[in-house]
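Below is structure_8.cif, which holds mmCIF, C-alpha atoms.
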```
data_upload
#
loop_
_atom_site.label_atom_id
_atom_site.label_comp_id
_atom_site.auth_asym_id
_atom_site.auth_seq_id
_atom_site.Cartn_x
_atom_site.Cartn_y
_atom_site.Cartn_z
CA MET A 1 0.00 0.00 0.00
CA ARG A 2 2.68 2.42 1.11
CA TYR A 3 4.90 1.77 -1.90
CA LEU A 4 2.04 2.26 -4.34
CA LEU A 5 1.14 5.55 -2.71
CA LEU A 6 4.77 6.64 -2.98
CA ILE A 7 4.86 5.64 -6.64
CA ASN A 8 1.67 7.59 -7.36
CA CYS A 9 2.96 10.69 -5.57
CA LEU A 10 6.24 10.57 -7.48
CA LEU A 11 4.54 9.99 -10.80
CA CYS A 12 1.99 12.76 -10.22
CA LEU A 13 4.84 15.16 -9.55
CA PHE A 14 6.71 14.12 -12.66
CA SER A 15 3.70 13.95 -14.96
CA CYS A 16 3.42 17.72 -14.77
CA SER A 17 6.62 18.10 -16.86
CA ALA A 18 6.45 20.32 -19.94
CA PRO A 19 6.02 18.82 -23.38
CA TYR A 20 9.22 17.76 -25.10
CA LYS A 21 8.90 20.27 -27.92
CA LYS A 22 9.76 23.10 -25.56
CA MET A 23 13.06 21.46 -24.64
CA GLN A 24 16.38 22.12 -26.25
CA LYS A 25 18.51 19.47 -27.92
CA SER A 26 21.82 18.97 -26.23
CA ARG A 27 25.01 17.80 -27.93
CA GLY A 28 27.31 17.63 -24.95
CA ASN A 29 25.68 14.66 -23.18
CA ASP A 30 26.54 11.01 -23.74
CA ILE A 31 23.36 9.11 -24.65
CA ASN A 32 24.95 5.77 -23.81
CA CYS A 33 25.32 6.60 -20.12
CA VAL A 34 21.71 5.44 -19.51
CA PHE A 35 22.63 1.85 -20.33
CA ALA A 36 24.29 1.70 -16.91
CA PHE A 37 20.74 1.75 -15.48
CA LYS A 38 19.48 -1.14 -17.60
CA PRO A 39 17.98 -3.66 -15.16
CA VAL A 40 19.33 -7.21 -15.08
CA PHE A 41 16.39 -9.43 -14.26
CA THR A 42 17.93 -12.82 -13.59
CA THR A 43 14.72 -13.95 -11.90
CA ALA A 44 12.51 -11.61 -9.91
CA LEU A 45 9.05 -12.05 -8.39
CA TYR A 46 6.87 -9.02 -7.70
CA ASN A 47 3.73 -8.46 -5.69
CA THR A 48 1.62 -6.64 -8.26
CA GLN A 49 -1.25 -4.17 -8.07
CA VAL A 50 -3.04 -3.07 -11.22
CA ASN A 51 -5.68 -0.35 -11.41
CA VAL A 52 -7.36 -0.01 -14.76
CA VAL A 53 -10.40 2.18 -15.50
CA GLY A 54 -11.81 1.79 -12.02
CA LYS A 55 -11.06 -1.93 -11.68
CA HIS A 56 -8.45 -3.35 -9.34
CA LEU A 57 -6.43 -6.49 -9.88
CA SER A 58 -3.63 -7.99 -7.83
CA GLY A 59 -1.26 -10.88 -8.36
CA LEU A 60 2.29 -12.04 -8.87
CA LEU A 61 4.55 -10.98 -11.74
CA ILE A 62 7.69 -12.89 -12.64
CA ILE A 63 10.43 -11.41 -14.79
CA LYS A 64 13.13 -13.82 -15.89
CA THR A 65 16.05 -13.65 -18.28
CA MET A 66 16.11 -16.90 -20.24
CA PRO A 67 19.30 -18.76 -21.28
CA ASP A 68 18.93 -17.33 -24.83
CA SER A 69 18.97 -13.77 -23.31
CA SER A 70 15.28 -13.21 -24.02
CA THR A 71 13.07 -11.97 -21.17
CA ARG A 72 9.86 -13.66 -20.06
CA ILE A 73 7.18 -11.86 -18.07
CA VAL A 74 4.41 -13.93 -16.50
CA PHE A 75 1.50 -12.49 -14.52
CA SER A 76 -0.86 -14.66 -12.48
CA ASN A 77 -3.20 -14.09 -9.59
CA GLU A 78 -2.21 -15.19 -6.08
CA ALA A 79 -4.00 -18.51 -6.45
CA GLY A 80 -1.91 -19.36 -9.52
CA PHE A 81 -4.39 -18.48 -12.26
CA LYS A 82 -2.35 -17.13 -15.17
CA PHE A 83 -3.31 -13.88 -16.92
CA PHE A 84 -0.47 -13.54 -19.42
CA ASP A 85 2.93 -14.86 -20.40
CA PHE A 86 5.00 -12.62 -22.70
CA GLY A 87 8.46 -13.05 -24.25
CA PHE A 88 10.79 -10.20 -25.30
CA SER A 89 13.79 -10.91 -27.48
CA GLY A 90 15.50 -8.10 -29.34
CA ASN A 91 12.85 -6.67 -31.65
CA GLU A 92 10.73 -9.78 -31.27
CA PHE A 93 7.73 -9.97 -28.98
CA LYS A 94 5.82 -13.18 -28.36
CA VAL A 95 2.56 -13.85 -26.56
CA TYR A 96 2.99 -17.31 -25.05
CA TYR A 97 -0.37 -17.07 -23.33
CA ILE A 98 -3.02 -14.50 -22.54
CA TYR A 99 -6.30 -15.02 -20.70
CA LYS A 100 -9.22 -14.79 -23.13
CA GLU A 101 -10.79 -11.71 -21.51
CA MET A 102 -7.50 -9.80 -21.82
CA ASN A 103 -6.75 -10.93 -25.35
CA LYS A 104 -7.27 -7.58 -27.04
CA LYS A 105 -4.84 -5.90 -29.43
CA ALA A 106 -4.82 -2.60 -27.51
CA VAL A 107 -4.16 -4.32 -24.16
CA ILE A 108 -1.27 -6.39 -25.52
CA LYS A 109 0.24 -3.41 -27.36
CA THR A 110 0.10 -1.20 -24.27
CA LEU A 111 1.64 -3.84 -22.00
CA ARG A 112 4.35 -4.63 -24.58
CA LYS A 113 5.38 -0.97 -24.81
CA ASP A 114 5.19 -0.42 -21.05
CA PHE A 115 7.48 -3.35 -20.30
CA HIS A 116 9.74 -2.47 -23.23
CA LEU A 117 10.38 0.90 -21.58
CA VAL A 118 11.23 -0.69 -18.24
CA LEU A 119 13.32 -3.55 -19.65
CA MET A 120 15.38 -1.13 -21.82
CA ASN A 121 15.84 -3.91 -24.36
CA ASN A 122 16.96 -3.21 -27.88
CA LEU A 123 16.87 0.57 -27.73
CA ASN A 124 17.70 2.13 -31.07
CA ALA A 125 20.83 4.19 -30.34
CA GLU A 126 21.28 5.27 -34.00
CA ASP A 127 18.41 7.78 -34.05
CA SER A 128 18.75 8.67 -30.39
CA TYR A 129 19.12 12.23 -29.18
CA VAL A 130 19.41 14.17 -25.93
CA LEU A 131 17.15 16.92 -24.60
CA LYS A 132 17.72 19.15 -21.61
CA LYS A 133 15.31 20.76 -19.21
CA ASP A 134 16.59 22.57 -16.15
CA LEU A 135 18.87 20.06 -14.43
CA GLN A 136 17.30 17.02 -16.08
CA VAL A 137 18.61 15.26 -19.17
CA TYR A 138 16.20 13.38 -21.44
CA HIS A 139 17.87 10.50 -23.30
CA ALA A 140 15.45 9.82 -26.16
CA PHE A 141 15.21 6.65 -28.25
CA PRO A 142 12.71 6.81 -31.11
CA ASP A 143 10.94 3.64 -32.20
CA GLY A 144 8.53 4.48 -35.02
CA LYS A 145 6.03 6.99 -33.68
CA ASP A 146 6.95 6.11 -30.10
CA HIS A 147 9.77 7.77 -28.25
CA TYR A 148 11.28 6.18 -25.15
CA TYR A 149 12.80 8.71 -22.74
CA TYR A 150 15.19 7.96 -19.88
CA ILE A 151 15.53 10.97 -17.65
CA THR A 152 18.65 11.40 -15.55
CA ASP A 153 20.32 14.13 -13.54
CA SER A 154 22.76 16.37 -15.41
CA LEU A 155 25.76 14.14 -14.69
CA CYS A 156 23.88 10.92 -15.50
CA THR A 157 24.55 9.52 -12.03
CA GLN A 158 20.90 8.76 -11.30
CA MET A 159 17.90 7.63 -13.33
CA ILE A 160 15.05 9.86 -12.20
CA ARG A 161 12.26 8.28 -14.26
CA MET A 162 11.33 6.85 -17.65
CA GLU A 163 8.69 8.10 -20.05
CA ARG A 164 7.07 6.93 -23.25
CA GLY A 165 5.30 9.24 -25.64
CA SER A 166 5.52 10.98 -28.97
CA SER A 167 8.17 13.53 -29.92
CA ARG A 168 5.86 16.11 -28.31
CA LYS A 169 4.36 14.77 -25.08
CA PRO A 170 4.44 11.76 -22.74
CA VAL A 171 1.66 9.16 -22.50
CA MET A 172 3.09 7.15 -19.64
CA THR A 173 5.70 7.44 -16.93
CA ALA A 174 7.62 4.74 -15.08
CA ILE A 175 10.03 4.54 -12.18
CA ALA A 176 12.40 1.80 -11.05
CA ARG A 177 13.74 2.24 -7.51
CA ASP A 178 16.18 0.63 -5.07
CA MET A 179 18.23 -1.50 -7.44
CA GLN A 180 19.79 -4.55 -5.84
CA GLN A 181 22.25 -6.37 -8.10
CA GLY A 182 20.56 -4.83 -11.12
CA ILE A 183 17.02 -5.73 -10.03
CA PRO A 184 14.70 -2.90 -8.97
CA ASP A 185 12.87 -3.42 -5.69
CA THR A 186 9.96 -1.20 -6.74
CA ILE A 187 8.59 -0.47 -10.20
CA GLY A 188 5.73 1.91 -10.96
CA ILE A 189 3.97 2.53 -14.26
CA THR A 190 1.34 5.24 -14.73
CA HIS A 191 -0.47 6.28 -17.88
CA THR A 192 -1.30 9.93 -18.33
CA ASN A 193 -3.89 9.55 -21.11
CA PHE A 194 -6.14 7.02 -19.33
CA ASN A 195 -6.61 5.57 -15.87
CA PHE A 196 -4.13 2.69 -15.82
CA ASP A 197 -1.32 2.08 -13.36
CA ILE A 198 0.81 -0.87 -12.32
CA GLY A 199 2.72 -1.11 -9.03
CA LEU A 200 5.33 -3.80 -8.44
CA LYS A 201 7.05 -4.59 -5.14
CA ARG A 202 9.68 -7.31 -5.14
CA ILE A 203 9.14 -10.47 -3.07
CA HIS A 204 12.25 -12.17 -1.76
CA ASN A 205 12.57 -15.77 -0.52
CA TYR A 206 9.65 -17.17 -2.47
CA ALA A 207 11.24 -20.14 -4.17
CA GLU A 208 12.06 -23.76 -3.56
CA ARG A 209 14.04 -25.84 -6.01
CA MET B 210 -1.55 -56.96 -40.63
CA CYS B 211 -4.40 -54.69 -39.48
CA ARG B 212 -4.97 -56.94 -36.50
CA ILE B 213 -1.32 -56.67 -35.46
CA VAL B 214 -1.41 -52.87 -35.75
CA PHE B 215 -4.64 -52.82 -33.74
CA LEU B 216 -3.16 -55.07 -31.02
CA LEU B 217 -0.03 -52.92 -30.89
CA PHE B 218 -2.16 -49.79 -30.59
CA LEU B 219 -4.19 -51.43 -27.80
CA LEU B 220 -1.03 -52.44 -25.97
CA ILE B 221 0.47 -48.93 -26.24
CA SER B 222 -2.82 -47.38 -25.07
CA CYS B 223 -2.97 -49.69 -22.04
CA CYS B 224 0.65 -48.93 -21.14
CA SER B 225 0.09 -45.17 -21.44
CA VAL B 226 -2.94 -45.36 -19.12
CA GLN B 227 -0.94 -47.33 -16.57
CA ALA B 228 1.97 -44.92 -16.83
CA GLN B 229 -0.16 -41.76 -16.72
CA TYR B 230 0.25 -41.44 -12.97
CA PRO B 231 3.10 -43.56 -11.61
CA GLY B 232 1.89 -45.73 -8.73
CA TYR B 233 -1.74 -45.38 -9.77
CA LYS B 234 -3.99 -47.77 -11.67
CA LEU B 235 -7.17 -46.79 -13.51
CA LEU B 236 -10.29 -48.07 -11.73
CA SER B 237 -12.60 -49.71 -14.23
CA ASP B 238 -15.50 -49.61 -11.81
CA ALA B 239 -15.53 -46.41 -9.80
CA GLY B 240 -18.96 -46.96 -8.25
CA ASP B 241 -17.64 -48.05 -4.84
CA PHE B 242 -15.21 -45.12 -4.67
CA LYS B 243 -17.87 -42.62 -5.70
CA SER B 244 -20.37 -43.73 -3.07
CA LYS B 245 -17.75 -43.72 -0.29
CA PHE B 246 -16.35 -40.33 -1.40
CA THR B 247 -19.82 -38.78 -1.54
CA ALA B 248 -20.76 -40.26 1.86
CA ALA B 249 -17.57 -38.92 3.47
CA SER B 250 -18.08 -35.49 1.89
CA GLN B 251 -21.63 -35.32 3.21
CA LYS B 252 -20.37 -36.03 6.72
CA THR B 253 -17.84 -33.20 6.48
CA ASN B 254 -19.43 -30.04 7.77
CA THR B 255 -16.25 -28.04 8.33
CA ILE B 256 -12.54 -28.25 7.50
CA LYS B 257 -9.74 -26.25 9.08
CA SER B 258 -6.34 -26.70 7.51
CA ASP B 259 -3.00 -25.19 6.58
CA PHE B 260 -1.99 -25.24 2.95
CA ILE B 261 1.14 -25.06 0.85
CA GLN B 262 0.72 -23.89 -2.70
CA GLU B 263 3.35 -24.56 -5.34
CA LYS B 264 3.26 -22.84 -8.69
CA GLU B 265 5.36 -24.54 -11.35
CA LEU B 266 6.13 -22.65 -14.53
CA SER B 267 7.92 -24.37 -17.38
CA MET B 268 10.17 -21.32 -17.80
CA LEU B 269 11.21 -21.32 -14.14
CA SER B 270 13.46 -23.89 -12.49
CA GLU B 271 12.22 -22.93 -9.02
CA LYS B 272 8.70 -23.40 -7.70
CA ILE B 273 6.90 -20.36 -6.32
CA VAL B 274 5.82 -21.50 -2.89
CA SER B 275 3.17 -19.74 -0.84
CA LYS B 276 1.58 -20.81 2.42
CA GLY B 277 -1.53 -20.02 4.36
CA LYS B 278 -4.65 -21.17 6.14
CA PHE B 279 -7.82 -22.68 4.79
CA TRP B 280 -11.32 -23.00 6.23
CA PHE B 281 -14.40 -24.63 4.71
CA ARG B 282 -17.95 -24.75 5.97
CA ARG B 283 -20.73 -26.68 4.33
CA GLU B 284 -22.49 -25.89 1.93
CA ASN B 285 -20.51 -23.28 0.19
CA ALA B 286 -18.27 -21.14 2.35
CA VAL B 287 -14.47 -21.06 1.92
CA ARG B 288 -11.86 -18.79 3.46
CA MET B 289 -8.35 -18.93 2.05
CA GLU B 290 -5.74 -16.75 3.68
CA TYR B 291 -2.24 -16.53 2.20
CA THR B 292 0.23 -15.50 4.86
CA THR B 293 3.65 -15.97 3.26
CA PRO B 294 5.48 -14.67 1.24
CA PHE B 295 2.58 -12.25 0.65
CA GLN B 296 -0.73 -11.46 2.33
CA TYR B 297 -3.92 -12.19 0.45
CA LEU B 298 -7.37 -13.10 1.70
CA MET B 299 -10.19 -14.63 -0.32
CA ILE B 300 -13.61 -15.49 1.12
CA LEU B 301 -16.18 -17.28 -1.00
CA ASN B 302 -19.61 -17.40 0.57
CA ASN B 303 -22.88 -18.24 -1.09
CA GLY B 304 -22.05 -16.73 -4.49
CA LYS B 305 -20.28 -13.71 -3.06
CA ILE B 306 -16.53 -13.17 -3.13
CA TYR B 307 -14.44 -10.95 -0.89
CA ILE B 308 -10.82 -10.24 -1.70
CA LYS B 309 -8.31 -8.30 0.34
CA ASP B 310 -4.82 -7.76 -1.01
CA ASN B 311 -2.03 -5.41 0.00
CA GLN B 312 -3.83 -2.43 -1.38
CA LYS B 313 -7.58 -2.88 -1.56
CA GLU B 314 -10.66 -4.73 -0.42
CA ASN B 315 -13.00 -5.97 -3.14
CA LYS B 316 -16.45 -7.51 -3.01
CA ILE B 317 -17.55 -9.32 -6.13
CA SER B 318 -20.64 -11.23 -7.05
CA ALA B 319 -19.43 -14.50 -8.51
CA LYS B 320 -22.08 -14.29 -11.21
CA SER B 321 -20.89 -10.87 -12.39
CA ASN B 322 -17.38 -12.14 -13.05
CA LYS B 323 -16.97 -15.25 -15.22
CA LEU B 324 -13.46 -15.98 -14.02
CA PHE B 325 -14.36 -15.82 -10.35
CA GLU B 326 -17.57 -17.76 -10.94
CA GLN B 327 -15.52 -20.58 -12.46
CA ILE B 328 -12.89 -20.50 -9.73
CA ASN B 329 -15.63 -20.36 -7.08
CA LYS B 330 -17.45 -23.38 -8.51
CA ILE B 331 -14.29 -25.45 -9.02
CA MET B 332 -13.04 -24.74 -5.51
CA MET B 333 -16.39 -25.59 -3.91
CA ASP B 334 -16.76 -28.74 -6.01
CA CYS B 335 -13.31 -29.91 -4.99
CA VAL B 336 -13.84 -29.52 -1.28
CA ASN B 337 -17.51 -30.39 -0.87
CA GLY B 338 -17.34 -33.56 -2.93
CA SER B 339 -19.63 -32.50 -5.77
CA ALA B 340 -16.79 -32.49 -8.33
CA LEU B 341 -17.64 -36.03 -9.40
CA SER B 342 -21.10 -35.01 -10.51
CA ASN B 343 -20.10 -31.71 -12.15
CA PRO B 344 -21.21 -31.92 -15.79
CA ASP B 345 -18.39 -29.52 -16.79
CA PHE B 346 -15.88 -32.37 -16.31
CA THR B 347 -15.43 -36.00 -17.27
CA THR B 348 -14.01 -38.07 -14.45
CA LYS B 349 -11.48 -40.89 -14.20
CA ILE B 350 -10.51 -42.50 -10.90
CA PHE B 351 -7.05 -43.98 -10.34
CA GLU B 352 -6.13 -46.12 -7.34
CA GLY B 353 -2.77 -45.92 -5.56
CA THR B 354 -1.46 -47.58 -2.39
CA ASP B 355 -2.76 -45.05 0.13
CA THR B 356 -4.69 -42.62 -2.02
CA TYR B 357 -7.00 -42.29 -4.97
CA MET B 358 -6.44 -39.80 -7.77
CA VAL B 359 -9.55 -38.19 -9.24
CA GLU B 360 -8.82 -36.78 -12.68
CA LEU B 361 -11.28 -34.12 -13.82
CA SER B 362 -11.03 -33.22 -17.50
CA PRO B 363 -12.96 -30.16 -18.66
CA VAL B 364 -15.60 -30.67 -21.30
CA ASN B 365 -16.37 -27.16 -22.49
CA LYS B 366 -14.07 -25.00 -24.59
CA ASN B 367 -13.86 -22.22 -22.02
CA LEU B 368 -12.59 -24.44 -19.21
CA LYS B 369 -10.37 -26.37 -21.63
CA SER B 370 -8.49 -23.15 -22.40
CA LEU B 371 -7.75 -22.76 -18.68
CA PHE B 372 -7.11 -26.33 -17.54
CA LYS B 373 -5.88 -29.51 -19.15
CA ASN B 374 -7.19 -31.29 -16.09
CA ILE B 375 -7.67 -30.88 -12.37
CA ASN B 376 -6.60 -33.77 -10.16
CA LEU B 377 -7.74 -34.40 -6.61
CA VAL B 378 -5.74 -36.69 -4.35
CA VAL B 379 -8.11 -38.40 -1.92
CA GLY B 380 -7.02 -40.37 1.16
CA LYS B 381 -8.13 -44.02 1.34
CA LYS B 382 -8.70 -43.84 5.08
CA ASP B 383 -10.90 -40.77 5.29
CA TYR B 384 -11.86 -40.08 1.64
CA ALA B 385 -10.84 -36.44 2.18
CA VAL B 386 -9.09 -34.32 -0.46
CA SER B 387 -5.48 -33.80 0.60
CA ARG B 388 -4.15 -32.26 -2.59
CA ILE B 389 -5.48 -30.35 -5.60
CA GLU B 390 -3.44 -30.18 -8.81
CA MET B 391 -4.45 -27.73 -11.52
CA HIS B 392 -2.70 -28.56 -14.78
CA GLU B 393 -2.74 -25.92 -17.51
CA PRO B 394 -2.60 -26.71 -21.24
CA SER B 395 0.84 -25.02 -21.40
CA GLY B 396 2.32 -27.54 -18.96
CA ASP B 397 2.39 -25.06 -16.06
CA ASN B 398 0.58 -26.15 -12.94
CA THR B 399 -0.53 -25.13 -9.46
CA ILE B 400 -0.52 -27.66 -6.65
CA ILE B 401 -2.18 -27.09 -3.29
CA ASN B 402 -1.37 -29.49 -0.44
CA TYR B 403 -3.62 -29.40 2.61
CA ILE B 404 -1.84 -30.24 5.85
CA ASN B 405 -2.75 -30.31 9.56
CA ARG B 406 -6.39 -30.87 8.64
CA GLU B 407 -9.08 -30.82 11.30
CA MET B 408 -12.53 -31.98 10.32
CA ASN B 409 -15.87 -30.92 11.79
CA VAL B 410 -14.46 -28.39 14.25
CA ASN B 411 -16.53 -25.43 15.28
CA LEU B 412 -15.85 -22.43 13.03
CA PRO B 413 -17.17 -18.96 13.90
CA ASP B 414 -19.45 -17.19 11.39
CA ALA B 415 -17.07 -14.22 11.37
CA LEU B 416 -14.53 -16.24 9.37
CA PHE B 417 -16.84 -16.28 6.36
CA ALA B 418 -18.53 -12.92 6.84
CA ILE B 419 -18.67 -10.61 3.82
CA ASN B 420 -20.11 -7.33 5.01
#
```

Mind turning the file's structure into structure tokens?
Amino acid sequence: MRYLLLINCLLCLFSCSAPYKKMQKSRGNDINCVFAFKPVFTTALYNTQVNVVGKHLSGLLIIKTMPDSSTRIVFSNEAGFKFFDFGFSGNEFKVYYIYKEMNKKAVIKTLRKDFHLVLMNNLNAEDSYVLKKDLQVYHAFPDGKDHYYYITDSLCTQMIRMERGSSRKPVMTAIARDMQQGIPDTIGITHTNFNFDIGLKRIHNYAER
Amino acid sequence: MCRIVFLLFLLISCCSVQAQYPGYKLLSDAGDFKSKFTAASQKTNTIKSDFIQEKELSMLSEKIVSKGKFWFRRENAVRMEYTTPFQYLMILNNGKIYIKDNQKENKISAKSNKLFEQINKIMMDCVNGSALSNPDFTTKIFEGTDTYMVELSPVNKNLKSLFKNINLVVGKKDYAVSRIEMHEPSGDNTIINYINREMNVNLPDALFAIN
């Protein structure tokens, strides 16, 4: 409860940021510095809270890096009932399973892009550029009409938040906090264009071999 | 030639049935089991138990293990409280569902939510003994040394997309369900083991109250 509240407060604060078009391009900043913040999900289990258009859902989300370097994300409810099972590998995205009621193009597309932002997989560095606003540096990676932004402090010592949007304005914001060996303890995703947020809090000591 | 192929096919089929559940043999006449199981279920008014749930995913070498407490009261009240490694409470009572997770409390009418209606019915059927007569499943009974295995295979398309089959392990001494296995078509499964069971103890109404 407390962590979700914290995530919401942080995201509300950040969602007030000005549209990207008002920002200036910067040439002096190294775009590649953000890759130091790329999470390394060996295997992580998260207690998950989802609020979507007035409905609330909770469950367990597993993120695992597979031996072939692809990433699998599986979401089930607490009793083990599976909602979805997605695979991310380079540019490839695979739906291994999705519960019938959730099997809608828009739902899958939104989740794919949300997790793509957080996973930081296969970001296109060729067309990337850097924007500056006050003391914050926006490391932007275009992908078609979508732009993935990783916002750091001016020296790139801290990832403040992540955003996805167009070249003009954000549509969603995400945070990843308290990294332990490359795995964030808390992840928050909030959409600005409709009522949809995801809160993840890592669970330790869940497994038996 | 055809006869040899047919005999071979028959032999392979028989072997695969025998080997389906190691240590278990398919009961050709399940009448005796069914009557004893139903009689024992009807005598069970309440159950109080601990449970250990194991979620096995084909992509994960470890099992996700959660533990908690379970209460059942005839006809159709269940309280399932997960205590570790997360807190989650689910009460099913007479078609109503109450859920409390880390963040919110939710009250749902089972009929208004297809998923919960199915889960509600399956869970009740498994614990109150009516699973054998549920028309949504075909049933096979296997006999082991100390237990029976009831294999429930879904008939309709909707349930088939969720479960390959649901197996109940039933003790030979008391005909009580000690384990529920939910096998998904993908090969993933969820197994719930009930331990420290106490039958027909007095359970307060408050345990199942949905206000």

Check your understanding: What does the distance from CA of Phe194 (chain A) to CA of Asn311 (chain B) come to in Å, to one decimal?
Key -> 23.3 Å

Practice item. Identify every residue of chain B that has at least one atom within 7 Å of any atom of chain A, counting all atoms listed in the file, and report the result as a list in words. Key: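 For chain B, the answer reads Lys264, Ser270, Glu271, Lys272, Ile273, Val274, Pro294, Asp310, Asn311, Gln312 and Thr399 of chain B.
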
Just C-alpha atoms for this one: save the residues we selected as a PDB file, in the coordinates of the input.
```pdb
ATOM      1  CA  LYS B 264       3.260 -22.840  -8.690  1.00  0.00           C
ATOM      2  CA  SER B 270      13.460 -23.890 -12.490  1.00  0.00           C
ATOM      3  CA  GLU B 271      12.220 -22.930  -9.020  1.00  0.00           C
ATOM      4  CA  LYS B 272       8.700 -23.400  -7.700  1.00  0.00           C
ATOM      5  CA  ILE B 273       6.900 -20.360  -6.320  1.00  0.00           C
ATOM      6  CA  VAL B 274       5.820 -21.500  -2.890  1.00  0.00           C
ATOM      7  CA  PRO B 294       5.480 -14.670   1.240  1.00  0.00           C
ATOM      8  CA  ASP B 310      -4.820  -7.760  -1.010  1.00  0.00           C
ATOM      9  CA  ASN B 311      -2.030  -5.410   0.000  1.00  0.00           C
ATOM     10  CA  GLN B 312      -3.830  -2.430  -1.380  1.00  0.00           C
ATOM     11  CA  THR B 399      -0.530 -25.130  -9.460  1.00  0.00           C
TER      12      THR B 399
END
```

Review point. Which one of B:Glu290, B:Glu352, B:Asp259, B:Asp241 sits closest to Lys309 (chain B) if you count only C-alpha atoms?
Key: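 Looking only at the distances to Lys309 (chain B), the closest residue turns out to be B:Glu290.
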
Review point. Which neighbours of Ala385 (chain B) fall inside 9 Å, counting only C-alpha atoms, when residues of the same chain fewer than 3 positions from it are skipped, and could you give them as a ChimeraX atom specification?
Key: /B:246,249-250,253,336,338,378-382

Study note, to complete from the structure: One decimal place gives the CA of Glu314 (chain B)-CA of Ile419 (chain B) separation as 10.8 Å

**Study point:** Residue contacts of Leu301 (chain B) (9 Å, all atoms listed in the file) excluding same-chain residues fewer than 4 positions away, as a count of residues only
**Key:** 14

Selection: 12 Å around Thr110 (chain A), all atoms listed in the file, excl. self and same-chain fewer than 5 positions, as a PDB file with C-alpha atoms, in the coordinates of the input:
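Output file part-v9.pdb follows:
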```pdb
ATOM      1  CA  MET A 102      -7.500  -9.800 -21.820  1.00  0.00           C
ATOM      2  CA  ASN A 103      -6.750 -10.930 -25.350  1.00  0.00           C
ATOM      3  CA  LYS A 104      -7.270  -7.580 -27.040  1.00  0.00           C
ATOM      4  CA  LYS A 105      -4.840  -5.900 -29.430  1.00  0.00           C
ATOM      5  CA  PHE A 115       7.480  -3.350 -20.300  1.00  0.00           C
ATOM      6  CA  HIS A 116       9.740  -2.470 -23.230  1.00  0.00           C
ATOM      7  CA  LEU A 117      10.380   0.900 -21.580  1.00  0.00           C
ATOM      8  CA  ASP A 146       6.950   6.110 -30.100  1.00  0.00           C
ATOM      9  CA  ARG A 164       7.070   6.930 -23.250  1.00  0.00           C
ATOM     10  CA  GLY A 165       5.300   9.240 -25.640  1.00  0.00           C
ATOM     11  CA  VAL A 171       1.660   9.160 -22.500  1.00  0.00           C
ATOM     12  CA  MET A 172       3.090   7.150 -19.640  1.00  0.00           C
ATOM     13  CA  ILE A 189       3.970   2.530 -14.260  1.00  0.00           C
ATOM     14  CA  THR A 190       1.340   5.240 -14.730  1.00  0.00           C
ATOM     15  CA  HIS A 191      -0.470   6.280 -17.880  1.00  0.00           C
ATOM     16  CA  ASN A 193      -3.890   9.550 -21.110  1.00  0.00           C
ATOM     17  CA  PHE A 194      -6.140   7.020 -19.330  1.00  0.00           C
ATOM     18  CA  PHE A 196      -4.130   2.690 -15.820  1.00  0.00           C
ATOM     19  CA  ASP A 197      -1.320   2.080 -13.360  1.00  0.00           C
ATOM     20  CA  ILE A 198       0.810  -0.870 -12.320  1.00  0.00           C
TER      21      ILE A 198
END
```

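Of the residues under consideration (A:Ile31, A:Leu123, A:Val52, A:Val137), A:Val52 shows the shortest atom-to-atom contact distance to Gly199 (chain A) when counting only C-alpha atoms.
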
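Put simply, CA of Leu236 (chain B) is 26.6 Å away from CA of Asp397 (chain B).
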
Review point. Counting all atoms listed in the file, which residues come within 7 Å of (3.4, -17.2, 0.5), with the point read in the file's coordinates, and could you list them as an NGL selection string?
Key: (:A and (206)) or (:B and (274-277 or 291-295))

Point to revise | Surrounding residues of Arg168 (chain A) excluding itself and chain neighbours under 6 positions, 12 Å, all atoms listed in the file, as a PyMOL selection string | key: chain A and resi 17-23+131+140+142+145-149

Keeping only C-alpha atoms, write those residues as a PDB file, in the frame of the given file.
```pdb
ATOM      1  CA  SER A  17       6.620  18.100 -16.860  1.00  0.00           C
ATOM      2  CA  ALA A  18       6.450  20.320 -19.940  1.00  0.00           C
ATOM      3  CA  PRO A  19       6.020  18.820 -23.380  1.00  0.00           C
ATOM      4  CA  TYR A  20       9.220  17.760 -25.100  1.00  0.00           C
ATOM      5  CA  LYS A  21       8.900  20.270 -27.920  1.00  0.00           C
ATOM      6  CA  LYS A  22       9.760  23.100 -25.560  1.00  0.00           C
ATOM      7  CA  MET A  23      13.060  21.460 -24.640  1.00  0.00           C
ATOM      8  CA  LEU A 131      17.150  16.920 -24.600  1.00  0.00           C
ATOM      9  CA  ALA A 140      15.450   9.820 -26.160  1.00  0.00           C
ATOM     10  CA  PRO A 142      12.710   6.810 -31.110  1.00  0.00           C
ATOM     11  CA  LYS A 145       6.030   6.990 -33.680  1.00  0.00           C
ATOM     12  CA  ASP A 146       6.950   6.110 -30.100  1.00  0.00           C
ATOM     13  CA  HIS A 147       9.770   7.770 -28.250  1.00  0.00           C
ATOM     14  CA  TYR A 148      11.280   6.180 -25.150  1.00  0.00           C
ATOM     15  CA  TYR A 149      12.800   8.710 -22.740  1.00  0.00           C
TER      16      TYR A 149
END
```

Check your understanding: What residues come out when you apply the PyMOL selection byres ((chain A and resi 35-39) around 12) to this file, written as number ranges by chain?
Key -> A: 30-34, 40-44, 63-65, 71, 115-125, 139, 141, 150-152, 156-162, 175-187

Practice item. For the structure provided, state which residues fall under the PyMOL selection byres ((chain B and resi 254-256) around 7), and present them as a PyMOL selection string. Key: chain B and resi 252-253+257-258+280-283+406-410
